[in-house]
Amino acid sequence: MTAWVLLVFSASVWAVSPYIQGDPVAGGSVQAAAAAVEAKLKGGGFKVVGKYFPKSLAGYGVVIATDDAMLGEVGSVGGHAVLGAAIRVGVKADGSVAYTNPDYWYRAYFRKVFDNKEGAVKALQSRLQGVLGAGKGQGGDELPGNLTNYRYMVGMERIDSYKNKLAEYGSFAEAVKTVRENLAKGVSKTTKVYEVVMPDRKLAVFGVAMNDSGNSDGEWIKKIDMQDNIAGLPYEVYVVDKVVGSPHGRFRIALAFPDVGMGQFMRISSLPNTIVETMSAVAGAEKTSSGDSWQ
């Protein structure tokens, strides 16, 4: 019994949460809170690349930033690690702040090379804590070892799933141009939230707002009751060399909201397919379905 208690205690101590609560800012409106966070980030040397206020989710928003040092680390890893180019900070109209925990997300993005990058991740985390505050974790937790090869359940997708690939073009420039143009046109009722392009590494990532009334970001995140962890948004489309892809929903949503149970996920059972169809349109591919749902 003693050994079991120690094991449980040890696991809880070492588990990592996806978000860290920051110091509150002046509230009144979500736009005012976002502006206060933007000022803090810029004052701390971060570059703000976008802000997002999901439709049908009044009072919630996300400020998206980048950090030059971490972009260098992301570029050196390459591939799916480009998803780690953006730092997301969730805000609420009451002034609440919660931001993505580098120790959580980069374990999932850097995978087996995380140990080599841990110093850079800790440096970023320290800077974010100095700028935004260092409160307690929120949004659930995962053991660090699970994040290296994360998937929600046996048989579900990992970060490198072949299902991520949506389209392939003749060059990196053509792939990026296609995604930009489709987002500018608002295909499948999408809009661009941010973009980070590293042409020297042939890497790019775009934050995509899904605005369709039936499956808007504001609607589906409310269905699983995760709006307080709004920093899990927006969803991404990425370009690696000539290939346009997007993380599969059963990986990306579960990674962002690890404490959501299967019963909650069943409320958005069709969302993984909707995401594939939506991001395929953004990628300039024919409308396809992965055939996968939450089940």
# chains A, B, ... in the order shown; residues from 1 in each chain; ligands from 1
>>> residues_around(residues="stretch 20-34 of chain A", least_positions_apart="2", cutoff="9 Å", atoms="only C-alpha atoms", output="short mmCIF file (atom, residue, chain, number, x, y, z; two decimals) with all heavy atoms, in the first residue's frame")
data_model
loop_
_atom_site.label_atom_id
_atom_site.label_comp_id
_atom_site.auth_asym_id
_atom_site.auth_seq_id
_atom_site.Cartn_x
_atom_site.Cartn_y
_atom_site.Cartn_z
N SER A 17 1.12 19.88 -17.02
CA SER A 17 -0.14 20.46 -17.49
C SER A 17 0.07 21.24 -18.78
O SER A 17 1.12 21.84 -19.00
CB SER A 17 -0.73 21.40 -16.44
OG SER A 17 -1.06 20.70 -15.26
N PRO A 18 -0.94 21.29 -19.65
CA PRO A 18 -0.79 21.99 -20.93
C PRO A 18 -0.78 23.52 -20.82
O PRO A 18 -0.29 24.19 -21.72
CB PRO A 18 -1.98 21.50 -21.75
CG PRO A 18 -2.99 21.05 -20.74
CD PRO A 18 -2.21 20.53 -19.57
N ALA A 36 -3.75 44.18 -23.16
CA ALA A 36 -2.83 44.22 -22.02
C ALA A 36 -1.80 43.10 -22.12
O ALA A 36 -0.61 43.31 -21.85
CB ALA A 36 -3.62 44.11 -20.72
N VAL A 37 -2.23 41.92 -22.52
CA VAL A 37 -1.31 40.80 -22.70
C VAL A 37 -0.35 41.08 -23.85
O VAL A 37 0.86 40.79 -23.76
CB VAL A 37 -2.09 39.49 -22.93
CG1 VAL A 37 -1.17 38.40 -23.47
CG2 VAL A 37 -2.74 39.04 -21.63
N GLU A 38 -0.86 41.63 -24.94
CA GLU A 38 0.00 41.97 -26.07
C GLU A 38 1.11 42.92 -25.65
O GLU A 38 2.28 42.74 -26.04
CB GLU A 38 -0.83 42.58 -27.19
CG GLU A 38 -0.02 42.96 -28.42
CD GLU A 38 -0.87 43.50 -29.55
OE1 GLU A 38 -2.08 43.71 -29.35
OE2 GLU A 38 -0.30 43.73 -30.65
N ALA A 39 0.76 43.92 -24.86
CA ALA A 39 1.76 44.88 -24.39
C ALA A 39 2.81 44.20 -23.53
O ALA A 39 4.02 44.49 -23.65
CB ALA A 39 1.07 46.00 -23.62
N LYS A 51 -4.19 37.77 -33.11
CA LYS A 51 -5.16 37.68 -32.01
C LYS A 51 -6.42 37.02 -32.55
O LYS A 51 -6.77 37.20 -33.71
CB LYS A 51 -5.48 39.07 -31.43
CG LYS A 51 -4.33 39.68 -30.64
CD LYS A 51 -4.72 40.98 -29.94
CE LYS A 51 -4.77 42.14 -30.93
NZ LYS A 51 -4.96 43.44 -30.24
N PHE A 53 -10.53 35.95 -31.58
CA PHE A 53 -11.72 36.00 -30.73
C PHE A 53 -12.78 35.13 -31.40
O PHE A 53 -13.49 35.59 -32.29
CB PHE A 53 -12.20 37.44 -30.57
CG PHE A 53 -11.13 38.37 -30.06
CD1 PHE A 53 -10.46 39.23 -30.92
CD2 PHE A 53 -10.77 38.37 -28.72
CE1 PHE A 53 -9.46 40.07 -30.47
CE2 PHE A 53 -9.77 39.21 -28.24
CZ PHE A 53 -9.10 40.06 -29.13
N ALA A 58 -18.31 34.63 -26.77
CA ALA A 58 -18.08 35.98 -26.27
C ALA A 58 -17.27 35.94 -24.98
O ALA A 58 -17.48 35.09 -24.11
CB ALA A 58 -19.41 36.67 -26.02
N GLY A 59 -16.33 36.88 -24.87
CA GLY A 59 -15.56 37.01 -23.64
C GLY A 59 -14.29 36.19 -23.58
O GLY A 59 -13.60 36.18 -22.56
N TYR A 60 -13.95 35.50 -24.68
CA TYR A 60 -12.74 34.68 -24.72
C TYR A 60 -11.90 35.04 -25.94
O TYR A 60 -12.44 35.31 -27.01
CB TYR A 60 -13.10 33.19 -24.79
CG TYR A 60 -13.76 32.64 -23.56
CD1 TYR A 60 -15.13 32.78 -23.37
CD2 TYR A 60 -13.02 31.99 -22.58
CE1 TYR A 60 -15.76 32.28 -22.24
CE2 TYR A 60 -13.64 31.48 -21.44
CZ TYR A 60 -15.00 31.62 -21.28
OH TYR A 60 -15.62 31.12 -20.15
N GLY A 61 -10.58 34.98 -25.77
CA GLY A 61 -9.69 35.26 -26.89
C GLY A 61 -8.32 34.67 -26.69
O GLY A 61 -8.00 34.13 -25.63
N VAL A 62 -7.52 34.73 -27.74
CA VAL A 62 -6.16 34.19 -27.72
C VAL A 62 -5.22 35.20 -28.36
O VAL A 62 -5.54 35.78 -29.41
CB VAL A 62 -6.06 32.85 -28.49
CG1 VAL A 62 -4.69 32.21 -28.26
CG2 VAL A 62 -7.16 31.90 -28.10
N VAL A 63 -4.09 35.43 -27.74
CA VAL A 63 -3.02 36.23 -28.30
C VAL A 63 -1.90 35.27 -28.71
O VAL A 63 -1.49 34.43 -27.91
CB VAL A 63 -2.49 37.27 -27.30
CG1 VAL A 63 -1.38 38.11 -27.93
CG2 VAL A 63 -3.62 38.16 -26.79
N VAL A 89 -1.61 32.49 -25.84
CA VAL A 89 -2.00 33.00 -24.52
C VAL A 89 -3.51 33.22 -24.52
O VAL A 89 -4.02 34.05 -25.27
CB VAL A 89 -1.28 34.31 -24.18
CG1 VAL A 89 -1.61 34.74 -22.75
CG2 VAL A 89 0.23 34.17 -24.36
N GLY A 90 -4.21 32.48 -23.68
CA GLY A 90 -5.65 32.64 -23.58
C GLY A 90 -6.02 33.76 -22.63
O GLY A 90 -5.37 33.95 -21.59
N VAL A 91 -7.05 34.52 -22.98
CA VAL A 91 -7.51 35.62 -22.13
C VAL A 91 -9.04 35.57 -22.02
O VAL A 91 -9.72 35.05 -22.90
CB VAL A 91 -7.08 36.99 -22.68
CG1 VAL A 91 -5.58 37.14 -22.64
CG2 VAL A 91 -7.59 37.21 -24.11
N LYS A 92 -9.53 36.11 -20.92
CA LYS A 92 -10.97 36.22 -20.70
C LYS A 92 -11.32 37.66 -20.37
O LYS A 92 -10.46 38.45 -19.95
CB LYS A 92 -11.40 35.29 -19.56
CG LYS A 92 -11.25 33.82 -19.85
CD LYS A 92 -11.47 32.97 -18.61
CE LYS A 92 -12.85 33.13 -18.02
NZ LYS A 92 -13.07 32.22 -16.86
N ALA A 93 -12.57 38.00 -20.56
CA ALA A 93 -13.01 39.37 -20.32
C ALA A 93 -12.80 39.81 -18.88
O ALA A 93 -12.67 41.01 -18.61
CB ALA A 93 -14.48 39.52 -20.71
N ASP A 94 -12.76 38.86 -17.95
CA ASP A 94 -12.54 39.24 -16.55
C ASP A 94 -11.06 39.45 -16.23
O ASP A 94 -10.71 39.72 -15.08
CB ASP A 94 -13.14 38.18 -15.61
CG ASP A 94 -12.45 36.82 -15.71
OD1 ASP A 94 -11.47 36.68 -16.48
OD2 ASP A 94 -12.89 35.88 -15.01
N GLY A 95 -10.20 39.32 -17.25
CA GLY A 95 -8.76 39.55 -17.04
C GLY A 95 -7.95 38.30 -16.77
O GLY A 95 -6.73 38.38 -16.60
N SER A 96 -8.59 37.14 -16.74
CA SER A 96 -7.86 35.89 -16.52
C SER A 96 -6.94 35.59 -17.69
O SER A 96 -7.28 35.87 -18.85
CB SER A 96 -8.83 34.72 -16.34
OG SER A 96 -9.69 34.93 -15.23
N VAL A 97 -5.79 34.99 -17.38
CA VAL A 97 -4.78 34.68 -18.39
C VAL A 97 -4.28 33.26 -18.16
O VAL A 97 -4.04 32.84 -17.03
CB VAL A 97 -3.59 35.66 -18.30
CG1 VAL A 97 -2.46 35.25 -19.25
CG2 VAL A 97 -4.04 37.09 -18.58
N ALA A 98 -4.12 32.50 -19.22
CA ALA A 98 -3.49 31.18 -19.15
C ALA A 98 -2.78 30.92 -20.47
O ALA A 98 -3.37 31.11 -21.54
CB ALA A 98 -4.52 30.09 -18.88
N TYR A 99 -1.53 30.51 -20.40
CA TYR A 99 -0.72 30.36 -21.62
C TYR A 99 -0.19 28.94 -21.77
O TYR A 99 -0.13 28.17 -20.80
CB TYR A 99 0.43 31.36 -21.63
CG TYR A 99 1.37 31.31 -20.43
CD1 TYR A 99 2.53 30.53 -20.45
CD2 TYR A 99 1.09 32.05 -19.28
CE1 TYR A 99 3.37 30.49 -19.35
CE2 TYR A 99 1.93 32.03 -18.20
CZ TYR A 99 3.08 31.24 -18.23
OH TYR A 99 3.92 31.19 -17.14
N THR A 100 0.18 28.59 -23.00
CA THR A 100 0.68 27.25 -23.27
C THR A 100 1.98 27.00 -22.52
O THR A 100 2.90 27.82 -22.54
CB THR A 100 0.91 27.05 -24.78
OG1 THR A 100 1.64 28.17 -25.31
CG2 THR A 100 -0.41 26.92 -25.53
N ASN A 101 2.05 25.84 -21.87
CA ASN A 101 3.20 25.46 -21.06
C ASN A 101 4.28 24.87 -21.98
O ASN A 101 4.09 23.79 -22.53
CB ASN A 101 2.76 24.42 -20.03
CG ASN A 101 3.90 23.97 -19.13
OD1 ASN A 101 5.04 24.42 -19.25
ND2 ASN A 101 3.59 23.07 -18.22
N GLN A 129 7.19 33.17 -17.78
CA GLN A 129 6.79 33.34 -16.39
C GLN A 129 7.12 34.74 -15.89
O GLN A 129 6.35 35.34 -15.14
CB GLN A 129 7.47 32.29 -15.53
CG GLN A 129 6.93 30.88 -15.75
CD GLN A 129 7.70 29.82 -14.98
OE1 GLN A 129 8.79 30.07 -14.47
NE2 GLN A 129 7.14 28.63 -14.90
N VAL A 131 7.21 37.42 -17.71
CA VAL A 131 6.35 38.40 -18.40
C VAL A 131 4.88 38.24 -18.00
O VAL A 131 4.18 39.23 -17.76
CB VAL A 131 6.51 38.25 -19.93
CG1 VAL A 131 5.45 39.07 -20.67
CG2 VAL A 131 7.90 38.67 -20.36
N LEU A 132 4.41 36.99 -17.93
CA LEU A 132 2.98 36.74 -17.74
C LEU A 132 2.62 36.22 -16.36
O LEU A 132 1.43 36.23 -16.00
CB LEU A 132 2.50 35.72 -18.79
CG LEU A 132 2.63 36.14 -20.26
CD1 LEU A 132 2.24 34.99 -21.18
CD2 LEU A 132 1.76 37.37 -20.55
N GLY A 133 3.59 35.77 -15.59
CA GLY A 133 3.30 35.21 -14.28
C GLY A 133 3.48 33.70 -14.28
O GLY A 133 3.49 33.05 -15.32
N ALA A 134 3.61 33.16 -13.07
CA ALA A 134 3.89 31.73 -12.93
C ALA A 134 2.92 31.11 -11.93
O ALA A 134 3.30 30.74 -10.81
CB ALA A 134 5.34 31.51 -12.48
N GLY A 135 1.67 30.99 -12.34
CA GLY A 135 0.66 30.38 -11.49
C GLY A 135 0.67 28.87 -11.61
O GLY A 135 1.60 28.26 -12.12
N LYS A 136 -0.41 28.26 -11.16
CA LYS A 136 -0.50 26.80 -11.21
C LYS A 136 -0.90 26.34 -12.60
O LYS A 136 -1.40 27.10 -13.43
CB LYS A 136 -1.50 26.31 -10.19
CG LYS A 136 -2.94 26.75 -10.43
CD LYS A 136 -3.85 26.21 -9.33
CE LYS A 136 -5.31 26.62 -9.59
NZ LYS A 136 -6.22 26.09 -8.54
N GLY A 137 -0.67 25.05 -12.85
CA GLY A 137 -1.06 24.47 -14.13
C GLY A 137 -2.55 24.24 -14.20
O GLY A 137 -3.24 24.15 -13.19
N GLN A 138 -3.06 24.16 -15.42
CA GLN A 138 -4.48 23.88 -15.61
C GLN A 138 -4.68 23.12 -16.92
O GLN A 138 -3.80 23.03 -17.76
CB GLN A 138 -5.31 25.16 -15.63
CG GLN A 138 -5.15 26.04 -16.85
CD GLN A 138 -6.10 27.24 -16.84
OE1 GLN A 138 -6.24 27.94 -15.83
NE2 GLN A 138 -6.75 27.49 -17.96
N GLY A 139 -5.86 22.53 -17.06
CA GLY A 139 -6.20 21.84 -18.29
C GLY A 139 -5.93 20.35 -18.27
O GLY A 139 -5.99 19.70 -19.31
#
>>> residues_around(residues="A:Phe114", least_positions_apart="6", cutoff="12 Å", atoms="only C-alpha atoms", output="ChimeraX atom specification")
/A:73-74,76-77,81,102-108,120-122,144-145,147-149
>>> atom_distance(atom1="atom CA of A:Glu181", atom2="atom CA of A:Ala167")
14.8 Å
>>> residues_around(residues="A:Ile87", least_positions_apart="5", cutoff="6 Å", atoms="only C-alpha atoms", output="ChimeraX atom specification")
/A:64-66
>>> write_last_selection(atoms="C-alpha atoms", output="tab-separated table (two decimals), in the first residue's frame")
chain	number	residue	atom	x	y	z
A	64	ILE	CA	-0.42	34.46	-30.45
A	65	ALA	CA	3.28	35.28	-30.26
A	66	THR	CA	6.66	34.00	-31.39
>>> residues_around(residues="A:Val237", least_positions_apart="2", cutoff="6 Å", atoms="only C-alpha atoms", output="JSON, numbers by chain")
{"A": [205, 206, 245, 246]}
>>> write_last_selection(atoms="C-alpha atoms", output="short mmCIF file (atom, residue, chain, number, x, y, z; two decimals), in the first residue's frame")
data_model
loop_
_atom_site.label_atom_id
_atom_site.label_comp_id
_atom_site.auth_asym_id
_atom_site.auth_seq_id
_atom_site.Cartn_x
_atom_site.Cartn_y
_atom_site.Cartn_z
CA VAL A 205 2.52 27.16 -40.01
CA PHE A 206 -0.81 28.97 -40.20
CA GLY A 245 -0.61 19.00 -43.72
CA SER A 246 -2.63 19.41 -40.58
#
>>> atom_distance(atom1="atom CA of A:Arg267", atom2="atom CA of A:Ile224")
6.9 Å
>>> atom_distance(atom1="atom CA of A:Leu57", atom2="atom CA of A:Ile230")
9.9 Å
>>> select_by_dssp(residues="stretch 25-161 of chain A", states="alpha helix (DSSP H)", output="ChimeraX atom specification")
/A:30-43,68-77,102-110,114-132,144-147
>>> residues_around(residues="stretch 249-252 of chain A", least_positions_apart="3", cutoff="7 Å", atoms="only C-alpha atoms", output="PyMOL selection string")
chain A and resi 151-152+156-159+255-256+272+275
>>> closest_residue(among="A:Val154, A:Gly186, A:Lys55, A:Gly78", to="A:Val113", atoms="only C-alpha atoms")
A:Gly78
>>> residues_around(residues="A:Ser216", least_positions_apart="5", cutoff="9 Å", atoms="only C-alpha atoms", output="PyMOL selection string")
chain A and resi 54-56+209-211+221
>>> select_by_dssp(residues="stretch 118-198 of chain A", states="strand (DSSP E or B)", output="VMD selection string")
chain A and resid 137 to 138 142 165 to 168 190 to 198
>>> write_last_selection(atoms="N, CA, C and O atoms", output="PDB file, in the first residue's frame")
ATOM      1  N   GLY A 137      -0.667  25.047 -12.854  1.00  0.00           N
ATOM      2  CA  GLY A 137      -1.060  24.465 -14.126  1.00  0.00           C
ATOM      3  C   GLY A 137      -2.553  24.244 -14.202  1.00  0.00           C
ATOM      4  O   GLY A 137      -3.239  24.153 -13.186  1.00  0.00           O
ATOM      5  N   GLN A 138      -3.063  24.160 -15.423  1.00  0.00           N
ATOM      6  CA  GLN A 138      -4.479  23.877 -15.612  1.00  0.00           C
ATOM      7  C   GLN A 138      -4.681  23.120 -16.918  1.00  0.00           C
ATOM      8  O   GLN A 138      -3.797  23.034 -17.760  1.00  0.00           O
ATOM      9  N   GLU A 142      -0.364  15.215 -18.188  1.00  0.00           N
ATOM     10  CA  GLU A 142       0.155  13.979 -18.759  1.00  0.00           C
ATOM     11  C   GLU A 142       1.542  13.743 -18.170  1.00  0.00           C
ATOM     12  O   GLU A 142       2.272  14.691 -17.852  1.00  0.00           O
ATOM     13  N   LYS A 165      -1.126  14.353 -44.029  1.00  0.00           N
ATOM     14  CA  LYS A 165      -0.800  14.902 -45.350  1.00  0.00           C
ATOM     15  C   LYS A 165      -2.076  15.217 -46.123  1.00  0.00           C
ATOM     16  O   LYS A 165      -2.959  14.379 -46.263  1.00  0.00           O
ATOM     17  N   LEU A 166      -2.141  16.465 -46.618  1.00  0.00           N
ATOM     18  CA  LEU A 166      -3.324  16.910 -47.347  1.00  0.00           C
ATOM     19  C   LEU A 166      -3.052  17.170 -48.817  1.00  0.00           C
ATOM     20  O   LEU A 166      -3.906  16.909 -49.665  1.00  0.00           O
ATOM     21  N   ALA A 167      -1.882  17.709 -49.137  1.00  0.00           N
ATOM     22  CA  ALA A 167      -1.567  18.051 -50.528  1.00  0.00           C
ATOM     23  C   ALA A 167      -0.065  18.180 -50.684  1.00  0.00           C
ATOM     24  O   ALA A 167       0.662  18.393 -49.706  1.00  0.00           O
ATOM     25  N   GLU A 168       0.399  18.051 -51.904  1.00  0.00           N
ATOM     26  CA  GLU A 168       1.823  18.224 -52.212  1.00  0.00           C
ATOM     27  C   GLU A 168       1.952  19.059 -53.477  1.00  0.00           C
ATOM     28  O   GLU A 168       1.206  18.857 -54.446  1.00  0.00           O
ATOM     29  N   THR A 190     -13.227  29.668 -43.441  1.00  0.00           N
ATOM     30  CA  THR A 190     -12.053  29.827 -42.590  1.00  0.00           C
ATOM     31  C   THR A 190     -11.487  31.234 -42.727  1.00  0.00           C
ATOM     32  O   THR A 190     -11.755  31.932 -43.706  1.00  0.00           O
ATOM     33  N   THR A 191     -10.695  31.639 -41.757  1.00  0.00           N
ATOM     34  CA  THR A 191      -9.910  32.864 -41.840  1.00  0.00           C
ATOM     35  C   THR A 191      -8.548  32.604 -41.208  1.00  0.00           C
ATOM     36  O   THR A 191      -8.396  31.724 -40.370  1.00  0.00           O
ATOM     37  N   LYS A 192      -7.565  33.385 -41.633  1.00  0.00           N
ATOM     38  CA  LYS A 192      -6.219  33.250 -41.078  1.00  0.00           C
ATOM     39  C   LYS A 192      -6.128  34.019 -39.768  1.00  0.00           C
ATOM     40  O   LYS A 192      -6.515  35.179 -39.682  1.00  0.00           O
ATOM     41  N   VAL A 193      -5.589  33.364 -38.756  1.00  0.00           N
ATOM     42  CA  VAL A 193      -5.336  34.013 -37.474  1.00  0.00           C
ATOM     43  C   VAL A 193      -3.895  34.511 -37.414  1.00  0.00           C
ATOM     44  O   VAL A 193      -3.628  35.615 -36.951  1.00  0.00           O
ATOM     45  N   TYR A 194      -2.961  33.699 -37.873  1.00  0.00           N
ATOM     46  CA  TYR A 194      -1.551  34.074 -37.887  1.00  0.00           C
ATOM     47  C   TYR A 194      -0.827  33.213 -38.908  1.00  0.00           C
ATOM     48  O   TYR A 194      -1.345  32.200 -39.378  1.00  0.00           O
ATOM     49  N   GLU A 195       0.381  33.617 -39.250  1.00  0.00           N
ATOM     50  CA  GLU A 195       1.271  32.765 -40.038  1.00  0.00           C
ATOM     51  C   GLU A 195       2.699  32.991 -39.575  1.00  0.00           C
ATOM     52  O   GLU A 195       3.083  34.100 -39.187  1.00  0.00           O
ATOM     53  N   VAL A 196       3.464  31.907 -39.593  1.00  0.00           N
ATOM     54  CA  VAL A 196       4.894  31.965 -39.313  1.00  0.00           C
ATOM     55  C   VAL A 196       5.570  31.184 -40.429  1.00  0.00           C
ATOM     56  O   VAL A 196       5.314  29.996 -40.602  1.00  0.00           O
ATOM     57  N   VAL A 197       6.403  31.870 -41.196  1.00  0.00           N
ATOM     58  CA  VAL A 197       7.064  31.243 -42.340  1.00  0.00           C
ATOM     59  C   VAL A 197       8.573  31.337 -42.145  1.00  0.00           C
ATOM     60  O   VAL A 197       9.112  32.422 -41.871  1.00  0.00           O
ATOM     61  N   MET A 198       9.257  30.210 -42.289  1.00  0.00           N
ATOM     62  CA  MET A 198      10.713  30.142 -42.209  1.00  0.00           C
ATOM     63  C   MET A 198      11.237  29.610 -43.549  1.00  0.00           C
ATOM     64  O   MET A 198      11.484  28.408 -43.694  1.00  0.00           O
TER      65      MET A 198
END
>>> closest_residue(among="A:Met262, A:Gly207, A:Asn164, A:Lys223", to="A:Val276", atoms="only C-alpha atoms")
A:Asn164
>>> residues_around(residues="stretch 200-203 of chain A", least_positions_apart="5", cutoff="12 Å", atoms="only C-alpha atoms", output="VMD selection string")
chain A and resid 71 to 85 171 to 176 195 237 to 245
>>> write_last_selection(atoms="N, CA, C and O atoms", output="CSV table (one decimal), in the first residue's frame")
chain,number,residue,atom,x,y,z
A,71,LEU,N,12.1,29.9,-32.3
A,71,LEU,CA,12.0,29.6,-33.7
A,71,LEU,C,13.2,29.0,-34.3
A,71,LEU,O,13.2,28.1,-35.1
A,72,GLY,N,14.4,29.4,-33.8
A,72,GLY,CA,15.6,28.8,-34.2
A,72,GLY,C,15.7,27.3,-33.8
A,72,GLY,O,16.1,26.4,-34.6
A,73,GLU,N,15.2,27.0,-32.6
A,73,GLU,CA,15.1,25.6,-32.2
A,73,GLU,C,14.1,24.8,-33.0
A,73,GLU,O,14.4,23.6,-33.4
A,74,VAL,N,13.0,25.3,-33.2
A,74,VAL,CA,12.0,24.7,-34.0
A,74,VAL,C,12.5,24.4,-35.4
A,74,VAL,O,12.3,23.3,-36.0
A,75,GLY,N,13.2,25.4,-36.0
A,75,GLY,CA,13.7,25.2,-37.4
A,75,GLY,C,14.8,24.1,-37.4
A,75,GLY,O,14.9,23.4,-38.4
A,76,SER,N,15.6,24.0,-36.4
A,76,SER,CA,16.6,23.0,-36.4
A,76,SER,C,16.1,21.6,-36.2
A,76,SER,O,16.7,20.6,-36.7
A,77,VAL,N,14.9,21.4,-35.6
A,77,VAL,CA,14.3,20.1,-35.5
A,77,VAL,C,13.5,19.8,-36.8
A,77,VAL,O,13.6,18.7,-37.3
A,78,GLY,N,12.8,20.8,-37.3
A,78,GLY,CA,12.1,20.7,-38.6
A,78,GLY,C,10.9,19.8,-38.5
A,78,GLY,O,10.4,19.4,-37.4
A,79,GLY,N,10.3,19.5,-39.6
A,79,GLY,CA,9.1,18.6,-39.7
A,79,GLY,C,8.0,19.1,-38.9
A,79,GLY,O,7.7,20.3,-38.9
A,80,HIS,N,7.3,18.2,-38.2
A,80,HIS,CA,6.1,18.5,-37.4
A,80,HIS,C,6.4,19.5,-36.3
A,80,HIS,O,5.4,20.1,-35.7
A,81,ALA,N,7.7,19.6,-35.9
A,81,ALA,CA,8.0,20.6,-34.8
A,81,ALA,C,7.6,22.0,-35.2
A,81,ALA,O,7.5,22.9,-34.3
A,82,VAL,N,7.3,22.3,-36.4
A,82,VAL,CA,6.9,23.6,-36.8
A,82,VAL,C,5.6,24.0,-36.1
A,82,VAL,O,5.3,25.2,-35.9
A,83,LEU,N,4.8,23.0,-35.6
A,83,LEU,CA,3.6,23.4,-34.8
A,83,LEU,C,4.0,24.1,-33.6
A,83,LEU,O,3.1,24.8,-33.0
A,84,GLY,N,5.2,24.0,-33.1
A,84,GLY,CA,5.7,24.7,-31.9
A,84,GLY,C,6.2,26.1,-32.2
A,84,GLY,O,6.7,26.8,-31.3
A,85,ALA,N,6.0,26.7,-33.4
A,85,ALA,CA,6.4,28.0,-33.7
A,85,ALA,C,5.7,29.1,-32.9
A,85,ALA,O,6.2,30.1,-32.6
A,171,SER,N,6.8,23.1,-55.1
A,171,SER,CA,7.8,23.8,-54.3
A,171,SER,C,7.2,24.3,-53.0
A,171,SER,O,6.0,24.3,-52.9
A,172,PHE,N,8.1,24.6,-52.1
A,172,PHE,CA,7.7,25.2,-50.8
A,172,PHE,C,6.9,26.5,-51.1
A,172,PHE,O,5.8,26.7,-50.5
A,173,ALA,N,7.4,27.4,-52.0
A,173,ALA,CA,6.8,28.6,-52.3
A,173,ALA,C,5.4,28.5,-52.8
A,173,ALA,O,4.4,29.2,-52.4
A,174,GLU,N,5.2,27.5,-53.7
A,174,GLU,CA,3.9,27.2,-54.2
A,174,GLU,C,2.9,26.7,-53.2
A,174,GLU,O,1.7,27.1,-53.1
A,175,ALA,N,3.4,25.9,-52.3
A,175,ALA,CA,2.5,25.4,-51.2
A,175,ALA,C,2.1,26.5,-50.3
A,175,ALA,O,0.9,26.6,-49.9
A,176,VAL,N,3.0,27.4,-49.9
A,176,VAL,CA,2.7,28.5,-49.0
A,176,VAL,C,1.7,29.4,-49.7
A,176,VAL,O,0.7,29.9,-49.1
A,195,GLU,N,0.4,33.6,-39.3
A,195,GLU,CA,1.3,32.8,-40.0
A,195,GLU,C,2.7,33.0,-39.6
A,195,GLU,O,3.1,34.1,-39.2
A,237,VAL,N,-2.6,24.6,-39.9
A,237,VAL,CA,-2.2,23.9,-41.2
A,237,VAL,C,-0.7,24.3,-41.3
A,237,VAL,O,-0.3,25.4,-41.0
A,238,TYR,N,0.1,23.3,-41.7
A,238,TYR,CA,1.5,23.6,-41.8
A,238,TYR,C,2.1,23.1,-43.1
A,238,TYR,O,1.4,22.3,-43.9
A,239,VAL,N,3.2,23.7,-43.5
A,239,VAL,CA,3.9,23.3,-44.7
A,239,VAL,C,5.3,22.8,-44.3
A,239,VAL,O,6.0,23.6,-43.6
A,240,VAL,N,5.7,21.6,-44.8
A,240,VAL,CA,7.0,21.1,-44.6
A,240,VAL,C,7.6,20.8,-46.0
A,240,VAL,O,7.1,19.9,-46.6
A,241,ASP,N,8.5,21.6,-46.5
A,241,ASP,CA,9.0,21.5,-47.8
A,241,ASP,C,7.9,21.7,-48.8
A,241,ASP,O,7.3,22.7,-48.9
A,242,LYS,N,7.5,20.6,-49.5
A,242,LYS,CA,6.4,20.8,-50.6
A,242,LYS,C,5.1,20.3,-50.1
A,242,LYS,O,4.1,20.3,-50.8
A,243,VAL,N,5.0,19.8,-48.9
A,243,VAL,CA,3.8,19.1,-48.4
A,243,VAL,C,3.0,20.0,-47.4
A,243,VAL,O,3.6,20.6,-46.5
A,244,VAL,N,1.7,20.1,-47.7
A,244,VAL,CA,0.8,20.8,-46.8
A,244,VAL,C,0.1,19.7,-45.9
A,244,VAL,O,-0.5,18.7,-46.4
A,245,GLY,N,0.1,19.9,-44.6
A,245,GLY,CA,-0.6,19.0,-43.7
A,245,GLY,C,-1.3,19.7,-42.6
A,245,GLY,O,-1.2,20.9,-42.4
